[in-house]
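This is my_file_17.cif (mmCIF, C-alpha atoms).
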```cif
data_protein
#
loop_
_atom_site.label_atom_id
_atom_site.label_comp_id
_atom_site.auth_asym_id
_atom_site.auth_seq_id
_atom_site.Cartn_x
_atom_site.Cartn_y
_atom_site.Cartn_z
CA MET A 1 122.99 116.28 81.55
CA THR A 2 122.23 119.82 82.85
CA ASP A 3 118.95 119.89 80.96
CA PRO A 4 116.26 120.28 83.69
CA VAL A 5 113.95 117.94 81.69
CA ASP A 6 116.47 115.15 82.12
CA LEU A 7 117.20 115.84 85.79
CA GLU A 8 114.51 113.58 87.18
CA ALA A 9 115.49 110.83 84.74
CA TYR A 10 119.13 111.28 85.71
CA LEU A 11 118.38 110.78 89.40
CA ASP A 12 116.43 107.54 88.78
CA PRO A 13 118.98 104.70 88.48
CA ASN A 14 117.00 102.67 85.94
CA LYS A 15 116.25 105.65 83.73
CA ARG A 16 119.85 106.74 84.02
CA ILE A 17 120.99 103.42 82.60
CA GLN A 18 118.43 103.60 79.84
CA MET A 19 119.64 107.05 78.85
CA LYS A 20 123.24 105.89 78.84
CA LEU A 21 122.32 102.92 76.62
CA GLU A 22 120.53 105.23 74.21
CA MET A 23 123.51 107.56 74.10
CA SER A 24 125.92 104.69 73.44
CA LEU A 25 123.80 103.20 70.69
CA SER A 26 123.24 106.46 68.90
CA GLY A 27 126.89 106.52 67.83
CA LEU A 28 126.74 103.11 66.16
CA GLY A 29 125.70 102.04 62.68
CA LYS A 30 122.51 100.23 61.74
CA THR A 31 123.92 96.71 61.69
CA GLY A 32 126.36 94.71 63.73
CA VAL A 33 126.80 92.99 67.06
CA VAL A 34 126.86 95.16 70.15
CA LEU A 35 127.84 93.64 73.45
CA ALA A 36 126.31 95.84 76.13
CA ILE A 37 128.07 95.17 79.43
CA ILE A 38 126.01 96.40 82.30
CA ASP A 39 127.55 97.06 85.66
CA ALA A 40 124.75 98.18 87.95
CA ILE A 41 123.54 96.85 91.22
CA GLU A 42 120.04 98.21 90.96
CA TYR A 43 119.61 97.91 87.26
CA SER A 44 116.84 95.55 86.31
CA ASP A 45 115.45 96.43 82.94
CA ALA A 46 117.07 97.84 79.83
CA ASN A 47 114.26 96.95 77.52
CA ALA A 48 112.15 100.08 77.97
CA GLY A 49 115.07 102.34 77.11
CA LEU A 50 116.08 100.25 74.13
CA VAL A 51 112.51 100.11 72.83
CA ARG A 52 112.31 103.90 73.13
CA TYR A 53 115.53 104.21 71.15
CA PHE A 54 114.39 101.90 68.35
CA GLU A 55 110.95 103.45 68.26
CA LYS A 56 112.54 106.87 67.65
CA ALA A 57 114.59 105.28 64.84
CA ASP A 58 111.45 103.49 63.57
CA MET A 59 113.41 100.27 63.40
CA PRO A 60 111.40 97.07 63.91
CA GLY A 61 112.97 94.10 65.62
CA VAL A 62 113.06 91.20 68.01
CA ILE A 63 113.31 91.12 71.78
CA VAL A 64 114.44 87.85 73.38
CA SER A 65 113.41 87.88 77.00
CA VAL A 66 115.14 85.39 79.26
CA ASN A 67 114.87 87.47 82.42
CA LYS A 68 111.18 88.14 82.49
CA PRO A 69 108.04 86.39 81.30
CA LEU A 70 106.40 88.22 78.45
CA VAL A 71 103.37 89.00 80.59
CA ASP A 72 105.59 91.11 82.89
CA LEU A 73 107.72 92.60 80.11
CA ILE A 74 104.75 93.85 78.12
CA CYS A 75 103.37 95.62 81.22
CA LYS A 76 106.57 97.64 81.48
CA LEU A 77 106.49 98.78 77.84
CA PRO A 78 104.32 101.60 76.57
CA PRO A 79 101.30 100.29 74.63
CA THR A 80 102.25 102.11 71.45
CA PRO A 81 101.59 100.88 67.90
CA PHE A 82 105.35 100.34 67.58
CA VAL A 83 105.42 97.93 70.53
CA GLN A 84 102.25 96.19 69.42
CA ASN A 85 103.08 95.76 65.76
CA LYS A 86 106.76 96.19 65.09
CA ILE A 87 108.37 94.02 67.72
CA GLU A 88 108.53 90.23 67.70
CA PHE A 89 108.88 88.92 71.24
CA VAL A 90 110.57 85.65 72.11
CA ASP A 91 109.84 84.40 75.61
CA CYS A 92 112.27 81.79 76.92
CA ILE A 93 111.03 81.61 80.47
CA SER A 94 107.24 81.47 80.76
CA GLN A 95 106.75 77.85 79.77
CA MET A 96 109.43 76.74 82.20
CA SER A 97 108.24 78.85 85.09
CA GLY A 98 104.53 78.32 84.57
CA ALA A 99 103.84 82.00 83.98
CA PRO A 100 100.71 82.73 81.93
CA GLU A 101 101.34 83.00 78.20
CA LEU A 102 99.99 85.91 76.21
CA GLU A 103 98.50 85.10 72.84
CA GLY A 104 99.27 87.23 69.87
CA PRO A 105 100.78 87.17 66.38
CA HIS A 106 104.07 88.60 67.62
CA TYR A 107 104.56 86.45 70.70
CA ASN A 108 106.81 83.42 70.38
CA TYR A 109 107.56 80.95 73.15
CA LEU A 110 110.33 78.46 73.77
CA GLU A 111 110.17 75.69 76.34
CA SER A 112 113.27 76.83 78.21
CA PRO A 113 116.41 78.99 78.02
CA GLN A 114 118.32 75.80 77.26
CA GLN A 115 116.83 75.56 73.78
CA LEU A 116 119.64 77.40 72.06
CA VAL A 117 119.23 75.52 68.77
CA GLU A 118 115.52 76.28 68.70
CA LEU A 119 116.22 79.92 69.59
CA SER A 120 118.75 80.16 66.77
CA VAL A 121 116.29 78.69 64.27
CA LEU A 122 113.50 80.99 65.48
CA LEU A 123 115.71 84.08 65.24
CA ASN A 124 116.61 83.14 61.69
CA LYS A 125 112.93 82.83 60.85
CA LEU A 126 112.05 86.16 62.48
CA PHE A 127 114.94 87.99 60.80
CA GLN A 128 113.63 86.84 57.44
CA LYS A 129 110.08 87.81 58.37
CA ILE A 130 111.03 91.43 59.13
CA GLU A 131 112.05 93.43 56.08
CA GLY A 132 114.84 95.95 55.99
CA ASN A 133 117.04 96.95 58.90
CA LYS A 134 115.97 95.50 62.23
CA PHE A 135 117.17 95.19 65.79
CA LEU A 136 117.68 92.30 68.14
CA VAL A 137 117.84 92.62 71.89
CA VAL A 138 118.83 89.62 73.98
CA ASP A 139 118.00 90.24 77.62
CA SER A 140 120.17 88.78 78.80
CA LEU A 141 123.18 86.59 78.09
CA SER A 142 123.79 86.48 81.85
CA THR A 143 120.53 84.66 82.42
CA LEU A 144 121.26 82.32 79.50
CA LEU A 145 124.54 81.51 81.27
CA ILE A 146 122.60 80.32 84.30
CA TYR A 147 120.96 77.61 82.19
CA ASN A 148 123.71 76.81 79.70
CA LYS A 149 127.42 76.17 79.85
CA PRO A 150 129.67 79.08 78.84
CA GLU A 151 131.00 77.07 75.88
CA ALA A 152 127.49 76.60 74.53
CA ILE A 153 126.72 80.31 74.95
CA THR A 154 129.87 81.41 73.17
CA LYS A 155 129.08 79.04 70.27
CA PHE A 156 125.52 80.33 70.19
CA VAL A 157 126.61 83.97 70.13
CA HIS A 158 129.19 83.27 67.43
CA SER A 159 126.50 81.57 65.38
CA ILE A 160 123.92 84.35 65.68
CA ALA A 161 126.59 87.01 65.18
CA ASN A 162 127.02 85.76 61.63
CA LYS A 163 123.26 85.81 61.09
CA ILE A 164 123.09 89.34 62.52
CA ARG A 165 125.58 90.58 59.97
CA THR A 166 123.98 88.91 56.97
CA GLU A 167 120.37 89.83 57.85
CA LYS A 168 120.87 93.59 58.42
CA VAL A 169 120.38 93.40 62.15
CA LEU A 170 121.63 95.65 64.91
CA GLY A 171 122.01 93.12 67.68
CA VAL A 172 122.28 94.32 71.28
CA LEU A 173 123.34 91.53 73.59
CA LEU A 174 123.00 92.48 77.23
CA ILE A 175 125.27 90.96 79.85
CA ILE A 176 125.73 91.82 83.49
CA LYS A 177 129.36 92.08 84.47
CA THR A 178 130.33 89.80 87.36
CA GLU A 179 133.59 88.29 88.56
CA ASP A 180 132.50 84.87 87.32
CA ASN A 181 131.81 85.77 83.72
CA MET A 182 134.82 87.94 82.83
CA ASP A 183 136.32 85.16 80.69
CA VAL A 184 133.08 84.77 78.78
CA ILE A 185 132.85 88.52 78.26
CA LYS A 186 136.38 88.55 76.84
CA ILE A 187 135.48 85.83 74.32
CA LEU A 188 132.17 87.45 73.40
CA SER A 189 133.94 90.75 72.87
CA GLN A 190 135.91 89.12 70.07
CA PHE A 191 132.71 88.32 68.16
CA SER A 192 131.24 91.78 68.69
CA ASP A 193 131.56 94.76 66.42
CA SER A 194 131.20 97.09 69.38
CA VAL A 195 131.41 96.74 73.12
CA ILE A 196 129.69 99.32 75.28
CA GLU A 197 129.93 99.48 79.03
CA VAL A 198 127.02 101.05 80.75
CA ARG A 199 128.00 101.98 84.24
CA ASP A 200 125.72 103.38 86.88
CA HIS A 201 128.17 105.96 88.25
CA GLN A 202 125.94 106.94 91.11
CA ALA A 203 125.45 103.34 92.20
CA SER A 204 129.17 102.67 92.18
CA LEU A 205 129.71 105.50 94.65
CA LYS A 206 127.55 103.82 97.27
CA MET B 1 136.95 19.74 43.89
CA ALA B 2 136.42 21.70 40.67
CA ILE B 3 137.35 25.34 40.83
CA PRO B 4 134.33 27.43 39.84
CA LYS B 5 134.78 29.35 36.63
CA LYS B 6 135.24 33.04 37.21
CA GLU B 7 133.17 35.36 35.12
CA PRO B 8 135.24 38.10 33.50
CA LEU B 9 134.99 41.42 35.26
CA GLU B 10 132.71 43.92 33.60
CA GLU B 11 134.78 46.67 32.15
CA VAL B 12 134.36 49.81 34.21
CA LYS B 13 135.23 53.07 32.59
CA PHE B 14 136.33 55.83 34.89
CA GLU B 15 134.42 58.41 32.93
CA ASP B 16 131.19 56.39 33.23
CA SER B 17 128.79 58.85 34.88
CA SER B 18 127.00 56.14 36.88
CA VAL B 19 130.30 55.27 38.52
CA ALA B 20 131.42 58.80 39.21
CA LYS B 21 128.01 60.08 40.23
CA PRO B 22 125.58 57.42 41.39
CA ASN B 23 121.85 57.94 41.13
CA ARG B 24 120.49 58.82 44.52
CA THR B 25 117.49 57.63 46.44
CA GLN B 26 116.10 60.69 48.13
CA THR B 27 114.77 60.08 51.61
CA GLY B 28 112.50 63.15 51.44
CA ILE B 29 113.18 63.76 55.13
CA PRO B 30 113.68 67.56 55.40
CA GLY B 31 117.36 68.39 55.75
CA LEU B 32 118.62 64.80 55.67
CA ASP B 33 119.32 64.60 51.95
CA ASP B 34 121.54 67.69 52.36
CA LEU B 35 123.79 65.61 54.60
CA LEU B 36 123.81 62.75 52.09
CA GLY B 37 124.88 64.62 49.01
CA GLY B 38 121.33 64.61 47.70
CA GLY B 39 120.25 61.20 48.92
CA ILE B 40 121.40 57.63 49.52
CA PRO B 41 123.22 56.16 46.48
CA GLU B 42 120.75 53.88 44.78
CA GLY B 43 120.99 50.27 45.85
CA ASN B 44 122.94 51.04 49.00
CA LEU B 45 122.31 49.09 52.18
CA VAL B 46 122.18 51.52 55.07
CA VAL B 47 122.06 50.73 58.78
CA VAL B 48 120.17 53.35 60.78
CA SER B 49 121.35 53.01 64.36
CA GLY B 50 119.76 54.91 67.17
CA ASP B 51 119.00 55.28 70.82
CA PRO B 52 115.57 54.22 72.01
CA GLY B 53 113.09 56.90 71.01
CA ALA B 54 115.55 58.53 68.64
CA GLY B 55 113.27 58.20 65.61
CA LYS B 56 114.40 55.03 63.82
CA THR B 57 110.90 53.79 63.02
CA SER B 58 109.80 57.30 62.02
CA PHE B 59 112.80 57.38 59.68
CA CYS B 60 111.68 54.14 58.07
CA ILE B 61 108.08 55.28 57.74
CA GLU B 62 109.02 58.56 56.09
CA PHE B 63 111.56 56.90 53.81
CA LEU B 64 108.93 54.52 52.45
CA TYR B 65 106.05 57.00 52.35
CA ASN B 66 108.07 59.64 50.52
CA GLY B 67 109.38 56.94 48.21
CA VAL B 68 105.90 56.12 46.97
CA VAL B 69 104.24 59.53 47.13
CA LYS B 70 107.09 61.84 46.10
CA TYR B 71 109.38 59.67 44.01
CA GLY B 72 107.17 56.92 42.56
CA GLU B 73 109.15 54.08 44.15
CA ASN B 74 107.33 51.16 45.68
CA GLY B 75 108.45 49.89 49.03
CA VAL B 76 108.22 47.11 51.58
CA TYR B 77 108.32 47.30 55.35
CA ILE B 78 109.61 44.05 56.80
CA SER B 79 108.65 44.21 60.44
CA LEU B 80 110.26 41.76 62.83
CA GLU B 81 108.24 43.00 65.79
CA GLU B 82 105.19 45.22 65.28
CA SER B 83 102.08 44.25 63.40
CA GLU B 84 100.82 45.95 60.24
CA PRO B 85 98.01 47.82 62.09
CA GLU B 86 100.52 49.08 64.66
CA ILE B 87 102.82 50.40 61.96
CA VAL B 88 99.94 51.97 60.01
CA LYS B 89 98.77 53.66 63.22
CA GLN B 90 102.23 54.96 64.00
CA ALA B 91 102.59 56.33 60.47
CA ALA B 92 99.19 58.03 60.73
CA TYR B 93 100.27 59.74 63.96
CA TYR B 94 102.91 61.58 61.95
CA GLY B 95 100.53 62.36 59.13
CA PHE B 96 101.62 59.59 56.77
CA ASP B 97 98.60 57.64 55.50
CA PHE B 98 99.78 54.19 54.51
CA ILE B 99 96.34 52.75 53.81
CA PRO B 100 95.81 53.97 50.22
CA LEU B 101 99.39 53.02 49.35
CA ILE B 102 98.80 49.50 50.61
CA LYS B 103 95.50 49.24 48.75
CA ASP B 104 97.21 50.34 45.54
CA ARG B 105 99.93 47.75 46.12
CA ARG B 106 102.61 50.44 46.13
CA LEU B 107 103.57 49.56 49.68
CA LYS B 108 103.54 46.27 51.54
CA ILE B 109 104.00 45.69 55.25
CA GLU B 110 105.00 42.19 56.17
CA THR B 111 105.36 41.10 59.79
CA ILE B 112 107.69 38.14 60.04
CA GLN B 113 108.07 36.34 63.35
CA LEU B 114 109.81 33.22 62.19
CA TYR B 115 112.96 32.22 63.97
CA ASP B 116 114.36 30.52 60.89
CA PHE B 117 116.76 32.78 59.09
CA GLU B 118 116.47 31.06 55.71
CA LYS B 119 112.71 31.41 55.79
CA LEU B 120 113.15 35.07 56.72
CA LYS B 121 115.36 35.66 53.70
CA ASN B 122 112.87 33.91 51.43
CA ALA B 123 109.98 35.92 52.85
CA ILE B 124 111.88 39.15 52.26
CA GLU B 125 112.64 38.22 48.68
CA GLU B 126 109.05 37.24 47.94
CA THR B 127 107.64 40.40 49.51
CA VAL B 128 110.01 42.65 47.59
CA ASP B 129 109.13 40.88 44.37
CA SER B 130 105.37 41.09 45.02
CA VAL B 131 105.29 44.89 44.71
CA LYS B 132 108.50 45.33 42.71
CA ALA B 133 109.88 47.34 45.59
CA ARG B 134 112.71 49.78 45.08
CA ARG B 135 112.87 50.62 48.79
CA ILE B 136 113.19 48.07 51.57
CA VAL B 137 113.01 48.57 55.31
CA ILE B 138 113.81 45.90 57.90
CA ASP B 139 112.91 46.97 61.45
CA PRO B 140 114.08 46.32 64.09
CA GLY B 141 117.31 44.65 63.06
CA VAL B 142 118.17 43.78 66.70
CA VAL B 143 115.68 40.91 66.47
CA PHE B 144 118.25 39.12 64.29
CA ARG B 145 119.98 38.22 67.55
CA LEU B 146 117.07 35.91 68.36
CA PHE B 147 117.78 33.83 65.28
CA PHE B 148 121.22 32.67 66.36
CA GLU B 149 122.93 31.04 69.28
CA LYS B 150 126.44 31.21 67.92
CA GLU B 151 128.20 34.43 66.92
CA LEU B 152 130.03 32.93 63.94
CA GLU B 153 126.85 31.47 62.47
CA ALA B 154 125.18 34.85 62.98
CA ARG B 155 127.92 36.71 61.19
CA LYS B 156 127.89 34.40 58.19
CA SER B 157 124.12 34.58 57.88
CA ILE B 158 123.94 38.34 58.25
CA LEU B 159 126.62 38.81 55.62
CA ASP B 160 124.63 36.50 53.38
CA LEU B 161 121.48 38.53 54.00
CA GLY B 162 123.35 41.69 53.13
CA ARG B 163 124.49 40.21 49.84
CA MET B 164 120.97 39.05 49.03
CA LEU B 165 119.53 42.49 49.72
CA LYS B 166 122.07 44.12 47.46
CA ARG B 167 121.29 41.59 44.76
CA LEU B 168 117.63 42.61 44.97
CA GLY B 169 118.77 46.06 43.89
CA GLY B 170 116.58 48.19 46.11
CA THR B 171 117.83 50.78 48.55
CA THR B 172 117.62 49.15 51.97
CA ILE B 173 117.38 50.47 55.50
CA ILE B 174 117.99 48.15 58.45
CA THR B 175 117.58 49.58 61.93
CA ASN B 176 119.78 48.83 64.92
CA GLU B 177 119.97 49.90 68.55
CA ILE B 178 122.90 52.00 69.64
CA THR B 179 123.73 54.27 72.52
CA LEU B 180 126.74 56.48 73.14
CA GLU B 181 127.79 54.08 75.88
CA ASN B 182 127.25 50.81 74.05
CA SER B 183 127.58 50.04 70.41
CA HIS B 184 125.90 46.76 69.44
CA SER B 185 127.06 46.00 65.94
CA LEU B 186 124.69 43.80 63.94
CA PHE B 187 127.18 40.95 63.64
CA GLY B 188 129.49 42.96 61.45
CA LEU B 189 126.75 44.28 59.16
CA GLU B 190 127.74 47.90 59.69
CA GLU B 191 131.43 47.26 59.31
CA TYR B 192 131.58 44.77 56.46
CA VAL B 193 128.41 44.84 54.39
CA ALA B 194 126.54 48.09 54.88
CA ASP B 195 127.32 50.86 52.45
CA GLY B 196 126.16 53.44 54.90
CA VAL B 197 125.57 54.03 58.60
CA VAL B 198 123.35 56.81 59.93
CA LEU B 199 123.32 57.46 63.67
CA LEU B 200 120.35 58.93 65.52
CA TYR B 201 121.11 60.09 69.05
CA HIS B 202 118.64 60.85 71.80
CA THR B 203 121.00 62.07 74.48
CA LYS B 204 120.32 63.12 78.04
CA ILE B 205 122.15 66.28 79.00
CA GLU B 206 121.53 67.34 82.58
CA ASN B 207 117.74 67.75 82.74
CA ARG B 208 116.76 67.42 79.09
CA PHE B 209 117.02 65.23 76.02
CA ILE B 210 118.62 66.37 72.80
CA ARG B 211 118.16 64.71 69.43
CA SER B 212 120.88 64.72 66.83
CA VAL B 213 121.87 62.88 63.67
CA GLY B 214 125.20 62.04 62.12
CA VAL B 215 126.31 60.13 59.05
CA LEU B 216 129.10 57.77 60.06
CA LYS B 217 129.69 56.49 56.55
CA MET B 218 128.01 56.46 53.14
CA ARG B 219 129.81 55.01 50.15
CA GLY B 220 130.01 57.27 47.14
CA THR B 221 129.15 60.33 49.17
CA LYS B 222 130.94 63.29 50.67
CA ILE B 223 129.35 63.39 54.08
CA SER B 224 129.21 66.02 56.81
CA GLU B 225 131.48 65.12 59.69
CA LYS B 226 129.29 66.95 62.20
CA LEU B 227 126.30 65.99 64.27
CA HIS B 228 123.26 68.06 63.42
CA PRO B 229 120.16 68.83 65.48
CA LEU B 230 117.17 66.64 64.74
CA GLU B 231 113.51 67.39 65.42
CA LEU B 232 110.80 64.78 65.78
CA GLY B 233 107.43 66.46 65.67
CA LEU B 234 103.89 65.76 64.57
CA ASN B 235 105.01 65.94 60.93
CA GLY B 236 107.83 63.47 61.40
CA LEU B 237 111.57 64.03 61.33
CA LYS B 238 113.38 67.20 60.39
CA VAL B 239 117.14 67.61 60.25
CA LEU B 240 118.43 71.11 60.85
CA SER B 241 121.23 70.64 58.37
CA LYS B 242 122.35 74.25 58.41
CA GLN B 243 122.32 74.44 62.20
CA GLU B 244 125.02 73.29 64.56
CA LEU B 245 124.74 71.85 68.04
CA PHE B 246 125.87 74.20 70.75
CA GLU B 247 126.26 71.60 73.46
CA GLU B 248 128.81 68.81 73.70
CA LEU B 249 127.06 65.44 73.65
#
```

Taking this structure as input, can you express it in the form of structure tokens?
Amino acid sequence: MTDPVDLEAYLDPNKRIQMKLEMSLSGLGKTGVVLAIIDAIEYSDANAGLVRYFEKADMPGVIVSVNKPLVDLICKLPPTPFVQNKIEFVDCISQMSGAPELEGPHYNYLESPQQLVELSVLLNKLFQKIEGNKFLVVDSLSTLLIYNKPEAITKFVHSIANKIRTEKVLGVLLIIKTEDNMDVIKILSQFSDSVIEVRDHQASLK
Amino acid sequence: MAIPKKEPLEEVKFEDSSVAKPNRTQTGIPGLDDLLGGGIPEGNLVVVSGDPGAGKTSFCIEFLYNGVVKYGENGVYISLEESEPEIVKQAAYYGFDFIPLIKDRRLKIETIQLYDFEKLKNAIEETVDSVKARRIVIDPGVVFRLFFEKELEARKSILDLGRMLKRLGGTTIITNEITLENSHSLFGLEEYVADGVVLLYHTKIENRFIRSVGVLKMRGTKISEKLHPLELGLNGLKVLSKQELFEEL
């Protein structure tokens, strides 16, 4: 943290969170379910940091975007060969919101965040498409909870947790911590191999 | 009145493989045969009950088409409502071309709009015999209600129909309407005659519809007790037999 190269990143709240995520993940194995609980007022995007982490590890994977349409998410990611060829994107929001849909061999669309069965089937298909160890990022369970009942989400997570373990996946499930979803977080923690809390210390001092 | 002579019961041996493990009529519908232990036991009469738009007619179309094309079993579609061209068109929409099967006399579609139940039974028997059908579909079964004014008469006749169909030896599907709110039994057919009941749900949950399938009963089969997601796409029905539903219906 005293490295002058990191100082600018440390002062930027979003980059700070990304660095903390990277640090937390680096201590984990290559497979398993990680529940990443994020407690940050200004935090809006973990994907760039996570992509950077997995790119360094040269681990291909899947990003499920419920928060942002793919057209916005792709803009925020560096246009590297890793992003263009080694990540399968699943967009759960564009068709529902009317956002433009990008065309490409690695872009997959669902009609809405309520299609949990379809999402589960698609993840299974994508896990089998990608060989070797792979990652999964779900951004975010909090947004899925807006469109689905907590019971459905906990069943969904339990179901994909088993797939994550059998298909050599490191699954990072992002969830924003709020007063309303503490019970859900407790249940989801039971299904997870690791729980990491990423706190924006500077933000909490405000 | 003379008491009819009873024929001696055929000796059934427990170790007879056809008793312990019946031959199965595969539906060929992706995922469905997994729920049925490999298929419907041959000769069973199965009621397929479903909500409007749940996929009952698609089920029938695929069952017959796959029967001819995949398993070499001729079939008949007894339609109590739609005409042959309408059924052929609906099958074509899902990619199932009935026309060559009809030309080769492997499949016959018969539209029967008589309101005489005895004539209906005779027509069914003749049609089945004309192509030596091993698969029979009667759709939609709710039209049976138009044949009867009295419930008791209806029940007796439906039970009689059921016995006739089983005597014909083919594997039979009869469709019925059902919703989660109202269950309209086909005059006791499901309870007393049918060997199997398959339920197709098309349920509204908040702002969307969800399709699912369940097997309520199937004689000679260890069935799944769960509802499973069901897809109805341009290629017909697909049961996600290894997938569970996440929402409560």

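Closest approach to chain B among A:Lys129, A:Lys163, A:Lys186, A:Lys168 is made by A:Lys163 (distances from all atoms listed in the file).
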
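CA of Thr171 in chain B is found 19.5 Å from CA of Val142 in chain B.
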
Could you tell me, as a short mmCIF file (atom, residue, chain, number, x, y, z; two decimals) with C-alpha atoms, keeping the file's coordinate frame, exactly which residues end up selected when the PyMOL selection byres ((chain A and resi 132-138) around 8) is applied to this structure?
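Output file selection24.cif follows:
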```
data_model
loop_
_atom_site.label_atom_id
_atom_site.label_comp_id
_atom_site.auth_asym_id
_atom_site.auth_seq_id
_atom_site.Cartn_x
_atom_site.Cartn_y
_atom_site.Cartn_z
CA LYS A 30 122.51 100.23 61.74
CA THR A 31 123.92 96.71 61.69
CA ASN A 47 114.26 96.95 77.52
CA PHE A 54 114.39 101.90 68.35
CA MET A 59 113.41 100.27 63.40
CA PRO A 60 111.40 97.07 63.91
CA GLY A 61 112.97 94.10 65.62
CA VAL A 62 113.06 91.20 68.01
CA ILE A 63 113.31 91.12 71.78
CA VAL A 64 114.44 87.85 73.38
CA SER A 65 113.41 87.88 77.00
CA VAL A 66 115.14 85.39 79.26
CA PHE A 127 114.94 87.99 60.80
CA ILE A 130 111.03 91.43 59.13
CA GLU A 131 112.05 93.43 56.08
CA ASP A 139 118.00 90.24 77.62
CA SER A 140 120.17 88.78 78.80
CA LEU A 141 123.18 86.59 78.09
CA GLU A 167 120.37 89.83 57.85
CA LYS A 168 120.87 93.59 58.42
CA VAL A 169 120.38 93.40 62.15
CA LEU A 170 121.63 95.65 64.91
CA GLY A 171 122.01 93.12 67.68
CA VAL A 172 122.28 94.32 71.28
CA LEU A 173 123.34 91.53 73.59
CA LEU A 174 123.00 92.48 77.23
#
```

Find the residues around Ala154 in chain B up to 12 Å (only C-alpha atoms counted), leave out those fewer than 6 positions away in its own chain, and share them as a tab-separated table (two decimals) with C-alpha atoms, keeping the file's coordinate frame.
```tsv
chain	number	residue	atom	x	y	z
B	116	ASP	CA	114.36	30.52	60.89
B	117	PHE	CA	116.76	32.78	59.09
B	118	GLU	CA	116.47	31.06	55.71
B	142	VAL	CA	118.17	43.78	66.70
B	143	VAL	CA	115.68	40.91	66.47
B	144	PHE	CA	118.25	39.12	64.29
B	145	ARG	CA	119.98	38.22	67.55
B	146	LEU	CA	117.07	35.91	68.36
B	147	PHE	CA	117.78	33.83	65.28
B	148	PHE	CA	121.22	32.67	66.36
B	160	ASP	CA	124.63	36.50	53.38
B	161	LEU	CA	121.48	38.53	54.00
B	185	SER	CA	127.06	46.00	65.94
B	186	LEU	CA	124.69	43.80	63.94
B	187	PHE	CA	127.18	40.95	63.64
B	188	GLY	CA	129.49	42.96	61.45
B	189	LEU	CA	126.75	44.28	59.16
```

* Could the residues of chain B within 7 Å of chain A, counting all atoms listed in the file, be given as a VMD selection string, please? => chain B and resid 245 to 247

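Across the structure, CA of Val68 in chain B and CA of Leu227 in chain B are spaced 28.5 Å apart.
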
* **Pairwise distance for CA of Pro100 in chain A and CA of Gly236 in chain B, rounded to one decimal in Å** => 29.0 Å

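What the PyMOL selection byres ((chain B and resi 78-95) around 8) grabs from this file is Ser58, Ile61, Val76, Tyr77, Phe96, Asp97, Phe98, Ile99, Ile109, Glu110, Thr111, Ile112, Gln113, Ile124, Ile136, Val137, Ile138, Asp139, Pro140, Gly141, Val143, Gly233, Leu234, Asn235 and Gly236 of chain B.
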
How would the residues just chosen look if you wrote them out with C-alpha atoms as a short mmCIF file (atom, residue, chain, number, x, y, z; two decimals), in the coordinates of the input?
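This is the output file result_9.cif:
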```
data_model
loop_
_atom_site.label_atom_id
_atom_site.label_comp_id
_atom_site.auth_asym_id
_atom_site.auth_seq_id
_atom_site.Cartn_x
_atom_site.Cartn_y
_atom_site.Cartn_z
CA SER B 58 109.80 57.30 62.02
CA ILE B 61 108.08 55.28 57.74
CA VAL B 76 108.22 47.11 51.58
CA TYR B 77 108.32 47.30 55.35
CA PHE B 96 101.62 59.59 56.77
CA ASP B 97 98.60 57.64 55.50
CA PHE B 98 99.78 54.19 54.51
CA ILE B 99 96.34 52.75 53.81
CA ILE B 109 104.00 45.69 55.25
CA GLU B 110 105.00 42.19 56.17
CA THR B 111 105.36 41.10 59.79
CA ILE B 112 107.69 38.14 60.04
CA GLN B 113 108.07 36.34 63.35
CA ILE B 124 111.88 39.15 52.26
CA ILE B 136 113.19 48.07 51.57
CA VAL B 137 113.01 48.57 55.31
CA ILE B 138 113.81 45.90 57.90
CA ASP B 139 112.91 46.97 61.45
CA PRO B 140 114.08 46.32 64.09
CA GLY B 141 117.31 44.65 63.06
CA VAL B 143 115.68 40.91 66.47
CA GLY B 233 107.43 66.46 65.67
CA LEU B 234 103.89 65.76 64.57
CA ASN B 235 105.01 65.94 60.93
CA GLY B 236 107.83 63.47 61.40
#
```

Selection in question (the file shown): the PyMOL selection byres ((chain A and resi 67) around 12). Which residues does it include, as a short mmCIF file (atom, residue, chain, number, x, y, z; two decimals) with C-alpha atoms, in the coordinates of the input?
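Listing of part-v6.cif after writing:
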```
data_model
loop_
_atom_site.label_atom_id
_atom_site.label_comp_id
_atom_site.auth_asym_id
_atom_site.auth_seq_id
_atom_site.Cartn_x
_atom_site.Cartn_y
_atom_site.Cartn_z
CA SER A 44 116.84 95.55 86.31
CA ASP A 45 115.45 96.43 82.94
CA ALA A 46 117.07 97.84 79.83
CA ASN A 47 114.26 96.95 77.52
CA ILE A 63 113.31 91.12 71.78
CA VAL A 64 114.44 87.85 73.38
CA SER A 65 113.41 87.88 77.00
CA VAL A 66 115.14 85.39 79.26
CA LYS A 68 111.18 88.14 82.49
CA PRO A 69 108.04 86.39 81.30
CA LEU A 70 106.40 88.22 78.45
CA VAL A 71 103.37 89.00 80.59
CA ASP A 72 105.59 91.11 82.89
CA LEU A 73 107.72 92.60 80.11
CA VAL A 90 110.57 85.65 72.11
CA ASP A 91 109.84 84.40 75.61
CA CYS A 92 112.27 81.79 76.92
CA ILE A 93 111.03 81.61 80.47
CA SER A 94 107.24 81.47 80.76
CA SER A 97 108.24 78.85 85.09
CA SER A 112 113.27 76.83 78.21
CA PRO A 113 116.41 78.99 78.02
CA VAL A 138 118.83 89.62 73.98
CA ASP A 139 118.00 90.24 77.62
CA SER A 140 120.17 88.78 78.80
CA LEU A 141 123.18 86.59 78.09
CA SER A 142 123.79 86.48 81.85
CA THR A 143 120.53 84.66 82.42
CA LEU A 144 121.26 82.32 79.50
CA LEU A 145 124.54 81.51 81.27
CA ILE A 146 122.60 80.32 84.30
CA TYR A 147 120.96 77.61 82.19
CA LEU A 174 123.00 92.48 77.23
CA ILE A 175 125.27 90.96 79.85
CA ILE A 176 125.73 91.82 83.49
#
```
